[in-house]
file run-v5.cif (mmCIF, C-alpha atoms)
data_upload
#
loop_
_atom_site.label_atom_id
_atom_site.label_comp_id
_atom_site.auth_asym_id
_atom_site.auth_seq_id
_atom_site.Cartn_x
_atom_site.Cartn_y
_atom_site.Cartn_z
CA MET X 222 0.00 0.00 0.00
CA LYS X 223 1.38 3.44 -0.93
CA ARG X 224 0.57 4.94 2.41
CA THR X 225 1.90 8.48 2.18
CA LYS X 226 1.36 9.18 -1.53
CA LYS X 227 -2.32 8.40 -1.97
CA ALA X 228 -4.41 11.43 -2.86
CA MET X 229 -6.97 11.96 -0.10
CA ASN X 230 -7.97 14.12 2.80
CA LEU X 231 -5.95 12.50 5.56
CA VAL X 232 -5.65 12.94 9.29
CA LEU X 233 -3.02 10.88 11.06
CA ILE X 234 -4.16 9.81 14.50
CA GLY X 235 -1.27 9.73 16.90
CA LEU X 236 0.96 11.81 19.13
CA LEU X 237 4.73 11.99 19.03
CA ALA X 238 6.84 11.22 22.09
CA LEU X 239 5.25 13.09 25.00
CA GLY X 240 2.01 13.68 23.16
CA THR X 241 2.45 17.38 22.44
CA VAL X 242 2.45 17.21 18.65
CA VAL X 243 -0.43 15.85 16.57
CA LEU X 244 0.47 14.69 13.08
CA VAL X 245 -1.94 16.21 10.57
CA VAL X 246 -1.46 15.97 6.81
CA TRP X 247 -4.03 17.43 4.43
CA LEU X 248 -3.88 16.06 0.91
CA ALA X 249 -6.73 15.92 -1.58
CA SER X 250 -9.57 13.62 -2.52
CA ARG X 251 -9.10 9.87 -2.79
CA GLU X 252 -9.71 10.03 -6.53
CA GLY X 253 -6.69 12.23 -7.18
CA GLY X 254 -5.47 15.79 -7.39
CA TYR X 255 -4.07 18.05 -4.73
CA SER X 256 -6.78 20.66 -4.30
CA GLU X 257 -9.38 20.58 -1.58
CA PRO X 258 -12.95 21.85 -1.81
CA LYS X 259 -13.29 25.61 -2.18
CA GLY X 260 -14.16 27.37 1.03
CA THR X 261 -12.24 25.01 3.31
CA TYR X 262 -11.19 26.77 6.50
CA HIS X 263 -8.41 25.37 8.70
CA SER X 264 -8.26 26.80 12.19
CA PRO X 265 -5.03 27.81 13.87
CA THR X 266 -3.76 25.01 16.10
CA VAL X 267 -4.43 25.61 19.80
CA PHE X 268 -3.16 23.75 22.85
CA ALA X 269 -5.76 22.30 25.24
CA MET X 270 -6.05 19.27 27.52
CA ASP X 271 -2.29 18.70 27.18
CA THR X 272 -2.53 18.23 23.43
CA THR X 273 -3.39 20.10 20.24
CA LEU X 274 -6.77 20.96 18.77
CA ASP X 275 -7.44 21.65 15.08
CA LEU X 276 -10.74 22.20 13.29
CA THR X 277 -11.57 22.17 9.60
CA ILE X 278 -14.86 23.66 8.42
CA GLN X 279 -16.27 23.57 4.91
CA GLY X 280 -19.31 25.18 3.29
CA ARG X 281 -19.22 28.37 5.39
CA SER X 282 -17.89 31.83 4.75
CA THR X 283 -14.52 32.57 6.31
CA ALA X 284 -16.18 34.93 8.79
CA GLN X 285 -18.74 32.30 9.80
CA ALA X 286 -16.09 29.57 10.06
CA LYS X 287 -13.92 31.74 12.30
CA GLU X 288 -16.88 32.37 14.61
CA ASP X 289 -17.72 28.65 14.61
CA VAL X 290 -14.14 27.76 15.51
CA ALA X 291 -14.02 30.39 18.27
CA ALA X 292 -17.22 28.99 19.80
CA ALA X 293 -15.90 25.42 19.64
CA ILE X 294 -12.57 26.35 21.21
CA ALA X 295 -14.33 28.26 23.98
CA LEU X 296 -16.37 25.14 24.72
CA ALA X 297 -13.24 22.98 24.78
CA ARG X 298 -11.61 25.43 27.20
CA LYS X 299 -14.67 25.33 29.45
CA ILE X 300 -14.67 21.53 29.57
CA GLU X 301 -10.93 21.54 30.23
CA SER X 302 -11.33 24.02 33.09
CA GLU X 303 -13.77 21.63 34.74
CA THR X 304 -12.27 18.22 34.00
CA SER X 305 -8.49 18.73 33.96
CA ARG X 306 -6.50 17.67 37.01
CA PHE X 307 -3.97 20.37 36.09
CA LYS X 308 -6.35 23.35 36.14
CA ALA X 309 -6.63 25.22 39.42
CA GLN X 310 -10.06 24.91 41.02
CA SER X 311 -11.27 22.38 38.46
CA ASP X 312 -13.92 19.91 39.55
CA VAL X 313 -11.28 17.18 39.48
CA GLN X 314 -8.96 19.08 41.81
CA LYS X 315 -11.84 19.71 44.20
CA ILE X 316 -12.91 16.04 44.16
CA ASP X 317 -9.35 14.88 44.86
CA ALA X 318 -8.90 17.42 47.67
CA GLN X 319 -12.09 16.20 49.36
CA ALA X 320 -11.37 12.47 48.93
CA GLY X 321 -12.51 10.63 52.04
CA VAL X 322 -13.98 13.84 53.44
CA ALA X 323 -17.03 15.17 51.62
CA PRO X 324 -18.93 15.11 48.31
CA VAL X 325 -18.26 17.85 45.77
CA LYS X 326 -20.89 19.48 43.56
CA VAL X 327 -19.67 19.44 39.96
CA SER X 328 -20.73 20.81 36.58
CA ASP X 329 -23.10 18.91 34.32
CA ASP X 330 -20.18 18.16 31.97
CA THR X 331 -18.00 16.71 34.72
CA TYR X 332 -20.85 14.63 36.11
CA ARG X 333 -21.66 13.21 32.67
CA VAL X 334 -18.05 12.26 32.06
CA ILE X 335 -17.62 10.57 35.45
CA ASP X 336 -20.99 8.82 35.29
CA GLU X 337 -20.20 7.37 31.84
CA SER X 338 -16.72 6.39 33.01
CA VAL X 339 -18.11 4.45 35.96
CA LYS X 340 -20.58 2.73 33.64
CA TYR X 341 -17.73 1.48 31.43
CA SER X 342 -15.66 0.54 34.46
CA ARG X 343 -18.45 -1.84 35.42
CA LEU X 344 -18.81 -3.15 31.86
CA THR X 345 -15.07 -3.77 31.49
CA GLY X 346 -14.64 -5.25 34.96
CA GLY X 347 -12.36 -2.39 35.95
CA ALA X 348 -10.10 -2.46 32.88
CA PHE X 349 -11.07 1.19 32.44
CA ASP X 350 -10.83 3.06 35.74
CA ILE X 351 -10.54 6.82 36.20
CA THR X 352 -9.17 6.34 39.75
CA VAL X 353 -5.89 5.11 38.21
CA ALA X 354 -4.24 8.50 38.91
CA PRO X 355 -2.08 7.27 41.84
CA LEU X 356 -0.39 4.78 39.50
CA VAL X 357 0.13 7.34 36.75
CA ARG X 358 1.67 9.70 39.32
CA LEU X 359 3.87 6.96 40.78
CA TRP X 360 5.47 6.17 37.41
CA GLY X 361 6.22 9.87 36.82
CA PHE X 362 3.81 10.67 34.01
CA TYR X 363 2.47 13.82 35.66
CA ASP X 364 5.77 15.57 36.35
CA GLN X 365 7.89 13.77 33.70
CA ASN X 366 10.24 12.51 36.42
CA TYR X 367 9.95 8.98 35.07
CA ARG X 368 10.87 6.03 37.26
CA ILE X 369 10.23 2.31 37.68
CA PRO X 370 8.57 1.84 41.07
CA THR X 371 9.14 -1.06 43.42
CA ALA X 372 6.54 -3.79 43.83
CA ASP X 373 5.67 -2.44 47.27
CA GLU X 374 5.13 1.06 45.90
CA ILE X 375 2.88 -0.29 43.18
CA ALA X 376 0.86 -2.32 45.69
CA LYS X 377 0.35 0.79 47.83
CA ALA X 378 -0.78 2.88 44.85
CA LYS X 379 -3.08 0.09 43.63
CA SER X 380 -4.86 0.11 46.99
CA LEU X 381 -6.13 3.58 46.08
CA VAL X 382 -7.46 2.50 42.67
CA ASP X 383 -11.06 1.31 42.73
CA TYR X 384 -13.88 2.79 40.64
CA ARG X 385 -16.40 1.18 43.01
CA LYS X 386 -15.42 3.78 45.60
CA ILE X 387 -16.65 6.65 43.43
CA GLN X 388 -19.88 7.84 45.04
CA LEU X 389 -22.30 9.61 42.72
CA ASP X 390 -25.47 11.52 43.60
CA PRO X 391 -27.39 12.21 40.36
CA ALA X 392 -29.95 14.47 42.04
CA ALA X 393 -27.40 16.72 43.74
CA LYS X 394 -24.78 16.29 40.95
CA THR X 395 -22.10 15.49 43.52
CA VAL X 396 -19.08 13.21 43.37
CA MET X 397 -17.06 11.79 46.25
CA LEU X 398 -14.08 9.47 46.51
CA ALA X 399 -14.54 7.19 49.50
CA ASP X 400 -10.91 7.03 50.72
CA LYS X 401 -8.32 9.68 51.43
CA GLY X 402 -5.49 9.60 48.92
CA MET X 403 -7.71 8.53 46.02
CA GLU X 404 -7.52 10.63 42.85
CA ILE X 405 -9.26 10.67 39.51
CA ASP X 406 -7.84 11.32 36.05
CA LEU X 407 -10.27 12.11 33.24
CA GLY X 408 -7.56 12.26 30.57
CA GLY X 409 -8.80 9.00 29.08
CA VAL X 410 -12.26 10.34 28.35
CA ALA X 411 -12.42 14.16 28.43
CA LYS X 412 -11.02 14.75 24.93
CA GLY X 413 -13.53 12.35 23.42
CA TYR X 414 -16.31 14.04 25.37
CA GLY X 415 -15.06 17.42 24.20
CA VAL X 416 -15.04 16.31 20.56
CA GLY X 417 -18.61 15.07 20.91
CA GLU X 418 -19.78 18.32 22.49
CA MET X 419 -17.96 20.46 19.92
CA SER X 420 -19.55 18.42 17.12
CA LYS X 421 -22.98 19.00 18.66
CA LEU X 422 -22.30 22.73 19.02
CA LEU X 423 -21.16 23.09 15.41
CA LYS X 424 -24.32 21.37 14.18
CA GLU X 425 -26.45 23.71 16.31
CA ARG X 426 -24.66 26.63 14.66
CA GLY X 427 -25.56 25.34 11.21
CA VAL X 428 -22.26 23.70 10.29
CA GLN X 429 -22.81 20.67 8.06
CA HIS X 430 -19.23 19.77 7.09
CA ALA X 431 -16.43 19.76 9.67
CA LEU X 432 -13.61 17.68 11.07
CA ILE X 433 -12.27 18.05 14.62
CA ASN X 434 -8.84 16.66 15.52
CA PHE X 435 -8.21 16.72 19.25
CA GLY X 436 -5.03 14.84 20.04
CA GLY X 437 -6.01 11.38 18.84
CA ALA X 438 -9.77 11.93 19.22
CA ILE X 439 -11.43 12.73 15.89
CA GLY X 440 -14.96 13.90 15.20
CA ALA X 441 -16.62 14.26 11.78
CA VAL X 442 -19.65 16.49 11.28
CA GLY X 443 -21.39 15.22 8.18
CA ALA X 444 -19.28 14.45 5.12
CA ARG X 445 -17.02 16.75 3.11
CA VAL X 446 -18.78 19.56 1.26
CA ASP X 447 -18.21 17.70 -2.04
CA GLY X 448 -20.19 14.72 -0.73
CA LYS X 449 -17.21 12.46 -0.16
CA ASP X 450 -16.49 10.94 3.24
CA TRP X 451 -13.65 12.26 5.32
CA VAL X 452 -10.64 9.96 5.29
CA VAL X 453 -8.88 9.34 8.59
CA GLY X 454 -5.49 7.68 8.58
CA ILE X 455 -4.39 5.55 11.53
CA LYS X 456 -0.78 6.19 12.51
CA ASP X 457 1.68 3.33 12.30
CA PRO X 458 2.90 3.22 15.93
CA ARG X 459 6.30 1.91 14.87
CA GLY X 460 6.62 3.85 11.63
CA SER X 461 8.33 7.13 10.92
CA SER X 462 6.45 10.43 10.95
CA GLY X 463 3.56 10.36 8.51
CA GLU X 464 3.36 6.59 8.06
CA ILE X 465 0.01 4.90 8.51
CA ILE X 466 -1.20 1.34 8.93
CA GLY X 467 -4.56 2.05 7.35
CA GLN X 468 -7.33 4.52 6.74
CA LEU X 469 -11.01 4.87 7.56
CA ASP X 470 -13.86 6.53 5.72
CA LEU X 471 -15.79 8.62 8.22
CA LYS X 472 -19.07 10.51 8.09
CA ASP X 473 -20.93 11.79 11.17
CA GLY X 474 -18.83 9.67 13.49
CA PHE X 475 -15.90 9.53 15.86
CA VAL X 476 -12.52 7.84 16.04
CA SER X 477 -10.17 7.55 19.01
CA THR X 478 -6.73 5.97 19.27
CA SER X 479 -4.57 5.09 22.29
CA GLY X 480 -1.15 3.52 22.23
CA ASP X 481 2.26 3.03 23.75
CA TYR X 482 3.78 5.65 21.43
CA GLU X 483 1.87 8.64 22.82
CA ARG X 484 3.57 9.26 26.17
CA PHE X 485 6.40 6.94 27.08
CA PHE X 486 9.93 6.55 28.33
CA ILE X 487 12.51 3.86 27.63
CA LYS X 488 14.64 2.33 30.38
CA ASP X 489 17.20 -0.41 29.74
CA GLY X 490 15.74 -0.92 26.29
CA LYS X 491 12.16 -1.40 27.53
CA ARG X 492 9.29 0.95 26.74
CA TYR X 493 7.05 2.17 29.57
CA PHE X 494 3.94 4.17 28.66
CA HIS X 495 1.14 6.12 30.30
CA ILE X 496 -1.65 3.52 30.21
CA PHE X 497 -1.76 1.12 33.15
CA ASP X 498 -3.73 -2.00 33.93
CA PRO X 499 -5.49 -1.21 37.23
CA ALA X 500 -5.34 -4.91 38.14
CA THR X 501 -1.53 -5.12 37.99
CA GLY X 502 -0.23 -1.57 38.24
CA TYR X 503 1.91 -2.17 35.15
CA ASN X 504 1.51 -1.55 31.41
CA PRO X 505 -0.44 -4.20 29.51
CA PRO X 506 2.20 -6.66 28.27
CA ASN X 507 0.89 -7.54 24.81
CA ALA X 508 -0.54 -4.36 23.32
CA ILE X 509 0.75 -1.49 21.21
CA SER X 510 -2.36 0.44 20.20
CA THR X 511 -6.13 0.44 19.96
CA THR X 512 -8.36 2.41 17.59
CA VAL X 513 -12.13 2.57 18.05
CA VAL X 514 -14.67 4.14 15.68
CA GLY X 515 -18.36 4.69 16.26
CA SER X 516 -21.27 6.93 17.14
CA SER X 517 -20.05 8.60 20.37
CA GLY X 518 -16.86 10.57 20.85
CA MET X 519 -16.79 9.98 24.60
CA ASP X 520 -17.43 6.25 24.39
CA ALA X 521 -14.95 5.75 21.53
CA ASP X 522 -12.31 7.49 23.68
CA ILE X 523 -13.10 5.24 26.65
CA LEU X 524 -13.14 2.09 24.54
CA SER X 525 -9.74 2.88 23.05
CA LYS X 526 -8.37 2.37 26.58
CA ILE X 527 -9.36 -1.31 26.60
CA ILE X 528 -5.87 -1.76 25.21
CA VAL X 529 -5.17 -2.93 28.78
CA MET X 530 -7.22 -6.07 28.09
CA GLY X 531 -4.91 -7.20 25.32
CA PRO X 532 -6.26 -7.90 21.81
CA ALA X 533 -7.98 -11.23 22.52
CA ARG X 534 -10.09 -10.01 25.45
CA ALA X 535 -10.66 -6.64 23.79
CA MET X 536 -12.00 -8.31 20.64
CA GLU X 537 -14.43 -10.35 22.73
CA PHE X 538 -15.54 -7.30 24.68
CA MET X 539 -16.18 -5.31 21.51
CA LYS X 540 -18.86 -7.86 20.58
CA THR X 541 -20.92 -6.33 23.39
CA GLN X 542 -20.60 -2.86 21.82
CA PRO X 543 -22.43 -3.09 18.48
CA GLN X 544 -22.26 0.66 17.81
CA PHE X 545 -18.46 0.52 17.70
CA GLU X 546 -15.76 -1.20 15.69
CA GLY X 547 -12.11 -1.56 16.66
CA LEU X 548 -8.57 -2.22 15.50
CA PHE X 549 -5.97 -3.65 17.88
CA ILE X 550 -2.24 -4.12 17.48
CA ASP X 551 -0.53 -6.62 19.75
CA GLY X 552 3.03 -6.63 21.05
CA ALA X 553 4.27 -8.54 18.00
CA GLY X 554 2.75 -6.00 15.62
CA LYS X 555 -0.15 -8.18 14.49
CA VAL X 556 -3.28 -6.24 13.57
CA TYR X 557 -6.72 -7.46 14.68
CA LEU X 558 -9.99 -6.06 13.31
CA THR X 559 -13.52 -6.42 14.65
CA GLY X 560 -16.00 -8.09 12.34
CA GLN X 561 -17.50 -5.17 10.45
CA LEU X 562 -14.69 -2.61 10.59
CA LYS X 563 -13.71 -3.05 6.94
CA SER X 564 -17.24 -3.15 5.58
CA LYS X 565 -18.36 -0.11 7.57
CA TYR X 566 -15.30 2.12 7.60
CA ALA X 567 -11.98 0.77 6.54
CA VAL X 568 -9.88 0.91 3.40
CA ASP X 569 -6.44 -0.67 3.08
CA ILE X 570 -5.53 -1.99 6.56
CA LYS X 571 -2.15 -3.65 6.93
CA GLY X 572 -2.02 -7.01 8.69
CA GLN X 573 1.31 -6.42 10.39
CA ILE X 574 3.51 -3.50 11.38
#

call {"tool": "encode", "arguments": {"input": "run-v5.cif", "output": "structure tokens"}}
result
Amino acid sequence: MKRTKKAMNLVLIGLLALGTVVLVVWLASREGGYSEPKGTYHSPTVFAMDTTLDLTIQGRSTAQAKEDVAAAIALARKIESETSRFKAQSDVQKIDAQAGVAPVKVSDDTYRVIDESVKYSRLTGGAFDITVAPLVRLWGFYDQNYRIPTADEIAKAKSLVDYRKIQLDPAAKTVMLADKGMEIDLGGVAKGYGVGEMSKLLKERGVQHALINFGGAIGAVGARVDGKDWVVGIKDPRGSSGEIIGQLDLKDGFVSTSGDYERFFIKDGKRYFHIFDPATGYNPPNAISTTVVGSSGMDADILSKIIVMGPARAMEFMKTQPQFEGLFIDGAGKVYLTGQLKSKYAVDIKGQI
């Protein structure tokens, strides 16, 4: 497959090194040529939720598109201010500060994100767990002081990881962590939620053709203005910059990718990355990346974290999620696809990396 020379509108899902650079390459239509539809507006890249955000809007005047982008970015900033553990006085900071003490009233956005996260924690048997923050902190992924903890340190951190100790009050919109020292991290879901909410906002504003690229979470509003589907390329996690393992046709849908190439460090020749199995406190041993595509930005983002299950279990679990399809790459570079991924979305997927 001629991965980097095909003519198409292409977004590469994937972050380099510490996750601060999103690879985005705009080419032309799949049929050929290097022009894109007239009236295409590309937003300036902004930094939010520890990654980059880009929007492309078609079928609007430049003035309208700029206003649409400004509204979407403002919404992303609002969600970030509520759900980021790094923003002063965010809901997450307040919840963590009151762990084991008292419930905290949160915004509707924060409550929705946490409620959905707990739902998927139950469905995955804890493979997805937003209380994993003590482990992420222990390994140095918050301050970039990377280290390999001792078994005792991991056991201590694991004792603070348990989604079942998240106490939710839907009437009062409050959240409480049962034990002191517990923390939550919404980094595995907030970008997908943000993409979904931005897509909804753009539609409400009359936008019919748009693509949102939010650090590995992608949202498509409608199709391209010329009637063709958007084409989303999936980054080859072991390839050089710009290489892909495959591409998806996308219309009114969402794609999210997680992998060991986003945020990682290498010690004694071994790669350690930012996604941890709550059951062990370590990285999943036989997984490189997971891509999920479907009807919800938030749920696709969550489901891309089932990389911790490993491909075999993840493939089985995806059978319970009929609105979503997935692609998994194991530690040997073998690519696994759920049953209808190719027929619904995919074009040219490699079988091995």

call {"tool": "resolve_selection", "arguments": {"input": "run-v5.cif", "expression": "the PyMOL selection byres ((chain X and resi 378-394) around 10)", "output": "PDB file with C-alpha atoms, in the frame of the given file"}}
result
ATOM      1  CA  ALA X 320     -11.370  12.470  48.930  1.00  0.00           C
ATOM      2  CA  GLY X 321     -12.510  10.630  52.040  1.00  0.00           C
ATOM      3  CA  PRO X 324     -18.930  15.110  48.310  1.00  0.00           C
ATOM      4  CA  VAL X 325     -18.260  17.850  45.770  1.00  0.00           C
ATOM      5  CA  LYS X 326     -20.890  19.480  43.560  1.00  0.00           C
ATOM      6  CA  VAL X 327     -19.670  19.440  39.960  1.00  0.00           C
ATOM      7  CA  SER X 328     -20.730  20.810  36.580  1.00  0.00           C
ATOM      8  CA  ASP X 329     -23.100  18.910  34.320  1.00  0.00           C
ATOM      9  CA  THR X 331     -18.000  16.710  34.720  1.00  0.00           C
ATOM     10  CA  TYR X 332     -20.850  14.630  36.110  1.00  0.00           C
ATOM     11  CA  ARG X 333     -21.660  13.210  32.670  1.00  0.00           C
ATOM     12  CA  ILE X 335     -17.620  10.570  35.450  1.00  0.00           C
ATOM     13  CA  ASP X 336     -20.990   8.820  35.290  1.00  0.00           C
ATOM     14  CA  SER X 338     -16.720   6.390  33.010  1.00  0.00           C
ATOM     15  CA  VAL X 339     -18.110   4.450  35.960  1.00  0.00           C
ATOM     16  CA  LYS X 340     -20.580   2.730  33.640  1.00  0.00           C
ATOM     17  CA  SER X 342     -15.660   0.540  34.460  1.00  0.00           C
ATOM     18  CA  ARG X 343     -18.450  -1.840  35.420  1.00  0.00           C
ATOM     19  CA  GLY X 346     -14.640  -5.250  34.960  1.00  0.00           C
ATOM     20  CA  GLY X 347     -12.360  -2.390  35.950  1.00  0.00           C
ATOM     21  CA  PHE X 349     -11.070   1.190  32.440  1.00  0.00           C
ATOM     22  CA  ASP X 350     -10.830   3.060  35.740  1.00  0.00           C
ATOM     23  CA  ILE X 351     -10.540   6.820  36.200  1.00  0.00           C
ATOM     24  CA  THR X 352      -9.170   6.340  39.750  1.00  0.00           C
ATOM     25  CA  VAL X 353      -5.890   5.110  38.210  1.00  0.00           C
ATOM     26  CA  ALA X 354      -4.240   8.500  38.910  1.00  0.00           C
ATOM     27  CA  PRO X 355      -2.080   7.270  41.840  1.00  0.00           C
ATOM     28  CA  LEU X 356      -0.390   4.780  39.500  1.00  0.00           C
ATOM     29  CA  VAL X 357       0.130   7.340  36.750  1.00  0.00           C
ATOM     30  CA  ARG X 358       1.670   9.700  39.320  1.00  0.00           C
ATOM     31  CA  LEU X 359       3.870   6.960  40.780  1.00  0.00           C
ATOM     32  CA  ALA X 372       6.540  -3.790  43.830  1.00  0.00           C
ATOM     33  CA  ASP X 373       5.670  -2.440  47.270  1.00  0.00           C
ATOM     34  CA  GLU X 374       5.130   1.060  45.900  1.00  0.00           C
ATOM     35  CA  ILE X 375       2.880  -0.290  43.180  1.00  0.00           C
ATOM     36  CA  ALA X 376       0.860  -2.320  45.690  1.00  0.00           C
ATOM     37  CA  LYS X 377       0.350   0.790  47.830  1.00  0.00           C
ATOM     38  CA  THR X 395     -22.100  15.490  43.520  1.00  0.00           C
ATOM     39  CA  VAL X 396     -19.080  13.210  43.370  1.00  0.00           C
ATOM     40  CA  MET X 397     -17.060  11.790  46.250  1.00  0.00           C
ATOM     41  CA  LEU X 398     -14.080   9.470  46.510  1.00  0.00           C
ATOM     42  CA  ALA X 399     -14.540   7.190  49.500  1.00  0.00           C
ATOM     43  CA  ASP X 400     -10.910   7.030  50.720  1.00  0.00           C
ATOM     44  CA  LYS X 401      -8.320   9.680  51.430  1.00  0.00           C
ATOM     45  CA  GLY X 402      -5.490   9.600  48.920  1.00  0.00           C
ATOM     46  CA  MET X 403      -7.710   8.530  46.020  1.00  0.00           C
ATOM     47  CA  GLU X 404      -7.520  10.630  42.850  1.00  0.00           C
ATOM     48  CA  ILE X 405      -9.260  10.670  39.510  1.00  0.00           C
ATOM     49  CA  ASP X 498      -3.730  -2.000  33.930  1.00  0.00           C
ATOM     50  CA  PRO X 499      -5.490  -1.210  37.230  1.00  0.00           C
ATOM     51  CA  ALA X 500      -5.340  -4.910  38.140  1.00  0.00           C
ATOM     52  CA  THR X 501      -1.530  -5.120  37.990  1.00  0.00           C
ATOM     53  CA  GLY X 502      -0.230  -1.570  38.240  1.00  0.00           C
TER      54      GLY X 502
END

call {"tool": "resolve_selection", "arguments": {"input": "run-v5.cif", "expression": "the PyMOL selection byres ((chain X and resi 485) around 8)", "output": "PyMOL selection string"}}
result
chain X and resi 238-239+481-484+486-487+492-495

call {"tool": "write_last_selection", "arguments": {"input": "run-v5.cif", "atoms": "C-alpha atoms", "output": "PDB file, in the frame of the given file"}}
result
ATOM      1  CA  ALA X 238       6.840  11.220  22.090  1.00  0.00           C
ATOM      2  CA  LEU X 239       5.250  13.090  25.000  1.00  0.00           C
ATOM      3  CA  ASP X 481       2.260   3.030  23.750  1.00  0.00           C
ATOM      4  CA  TYR X 482       3.780   5.650  21.430  1.00  0.00           C
ATOM      5  CA  GLU X 483       1.870   8.640  22.820  1.00  0.00           C
ATOM      6  CA  ARG X 484       3.570   9.260  26.170  1.00  0.00           C
ATOM      7  CA  PHE X 486       9.930   6.550  28.330  1.00  0.00           C
ATOM      8  CA  ILE X 487      12.510   3.860  27.630  1.00  0.00           C
ATOM      9  CA  ARG X 492       9.290   0.950  26.740  1.00  0.00           C
ATOM     10  CA  TYR X 493       7.050   2.170  29.570  1.00  0.00           C
ATOM     11  CA  PHE X 494       3.940   4.170  28.660  1.00  0.00           C
ATOM     12  CA  HIS X 495       1.140   6.120  30.300  1.00  0.00           C
TER      13      HIS X 495
END

call {"tool": "residues_around", "arguments": {"input": "run-v5.cif", "residues": "Val568 in chain X", "least_positions_apart": "5", "cutoff": "10 Å", "atoms": "all atoms listed in the file", "output": "JSON list (two decimals) with C-alpha atoms, keeping the file's coordinate frame"}}
result
[["chain", "number", "residue", "atom", "x", "y", "z"],
["X", 452, "VAL", "CA", -10.64, 9.96, 5.29],
["X", 453, "VAL", "CA", -8.88, 9.34, 8.59],
["X", 454, "GLY", "CA", -5.49, 7.68, 8.58],
["X", 467, "GLY", "CA", -4.56, 2.05, 7.35],
["X", 468, "GLN", "CA", -7.33, 4.52, 6.74],
["X", 469, "LEU", "CA", -11.01, 4.87, 7.56],
["X", 470, "ASP", "CA", -13.86, 6.53, 5.72],
["X", 562, "LEU", "CA", -14.69, -2.61, 10.59],
["X", 563, "LYS", "CA", -13.71, -3.05, 6.94]]

call {"tool": "closest_residue", "arguments": {"input": "run-v5.cif", "among": "X:Ile509, X:Val410, X:Val428, X:Met536", "to": "Glu337 in chain X", "atoms": "all atoms listed in the file"}}
result
X:Val410

call {"tool": "axis_aligned_box", "arguments": {"input": "run-v5.cif", "around": "range 299-312 of chain X", "padding_each_side": "6 Å", "output": "JSON"}}
result
{"center_x": -9.3, "center_y": 21.5, "center_z": 35.2, "size_x": 22.7, "size_y": 19.7, "size_z": 23.6}

call {"tool": "resolve_selection", "arguments": {"input": "run-v5.cif", "expression": "the PyMOL selection byres ((chain X and resi 264) around 9)", "output": "list in words"}}
result
Tyr262, His263, Pro265, Thr266, Val267, Leu274, Asp275, Leu276, Thr277, Ile278, Ala286, Lys287 and Val290 of chain X

call {"tool": "atom_distance", "arguments": {"input": "run-v5.cif", "atom1": "CA of Asn507 in chain X", "atom2": "CA of Ser564 in chain X"}}
result
26.8 Å

call {"tool": "atom_distance", "arguments": {"input": "run-v5.cif", "atom1": "CA of Val529 in chain X", "atom2": "CA of Lys488 in chain X"}}
result
20.6 Å

call {"tool": "atom_distance", "arguments": {"input": "run-v5.cif", "atom1": "CA of Val334 in chain X", "atom2": "CA of Gly515 in chain X"}}
result
17.5 Å

call {"tool": "residues_around", "arguments": {"input": "run-v5.cif", "residues": "Thr273 in chain X", "least_positions_apart": "3", "cutoff": "6 Å", "atoms": "only C-alpha atoms", "output": "PyMOL selection string"}}
result
chain X and resi 267-269+435-436

call {"tool": "residues_around", "arguments": {"input": "run-v5.cif", "residues": "Leu471 in chain X", "least_positions_apart": "2", "cutoff": "8 Å", "atoms": "only C-alpha atoms", "output": "PDB file with C-alpha atoms, keeping the file's coordinate frame"}}
result
ATOM      1  CA  ALA X 441     -16.620  14.260  11.780  1.00  0.00           C
ATOM      2  CA  ALA X 444     -19.280  14.450   5.120  1.00  0.00           C
ATOM      3  CA  ASP X 450     -16.490  10.940   3.240  1.00  0.00           C
ATOM      4  CA  TRP X 451     -13.650  12.260   5.320  1.00  0.00           C
ATOM      5  CA  VAL X 452     -10.640   9.960   5.290  1.00  0.00           C
ATOM      6  CA  VAL X 453      -8.880   9.340   8.590  1.00  0.00           C
ATOM      7  CA  LEU X 469     -11.010   4.870   7.560  1.00  0.00           C
ATOM      8  CA  ASP X 473     -20.930  11.790  11.170  1.00  0.00           C
ATOM      9  CA  GLY X 474     -18.830   9.670  13.490  1.00  0.00           C
ATOM     10  CA  PHE X 475     -15.900   9.530  15.860  1.00  0.00           C
ATOM     11  CA  TYR X 566     -15.300   2.120   7.600  1.00  0.00           C
TER      12      TYR X 566
END

call {"tool": "closest_residue", "arguments": {"input": "run-v5.cif", "among": "X:Val446, X:Ile528, X:Ala521, X:Val556", "to": "Gly260 in chain X", "atoms": "all atoms listed in the file"}}
result
X:Val446

call {"tool": "closest_residue", "arguments": {"input": "run-v5.cif", "among": "X:Thr512, X:Asn504, X:Ser282, X:Ser517", "to": "Gly552 in chain X", "atoms": "all atoms listed in the file"}}
result
X:Asn504

call {"tool": "closest_residue", "arguments": {"input": "run-v5.cif", "among": "X:Val313, X:Ala318, X:Ile455, X:Val416", "to": "Ile433 in chain X", "atoms": "only C-alpha atoms"}}
result
X:Val416

call {"tool": "closest_residue", "arguments": {"input": "run-v5.cif", "among": "X:Ser477, X:Ser510, X:Gln285, X:Thr345", "to": "Thr541 in chain X", "atoms": "all atoms listed in the file"}}
result
X:Thr345

call {"tool": "closest_residue", "arguments": {"input": "run-v5.cif", "among": "X:Ala411, X:Ile369, X:Leu344, X:Ala508", "to": "Glu303 in chain X", "atoms": "all atoms listed in the file"}}
result
X:Ala411

call {"tool": "residues_near_point", "arguments": {"input": "run-v5.cif", "point": "(-25.2, 1.9, 13.3)", "cutoff": "10 Å", "atoms": "all atoms listed in the file", "output": "PyMOL selection string"}}
result
chain X and resi 515-516+543-545+565
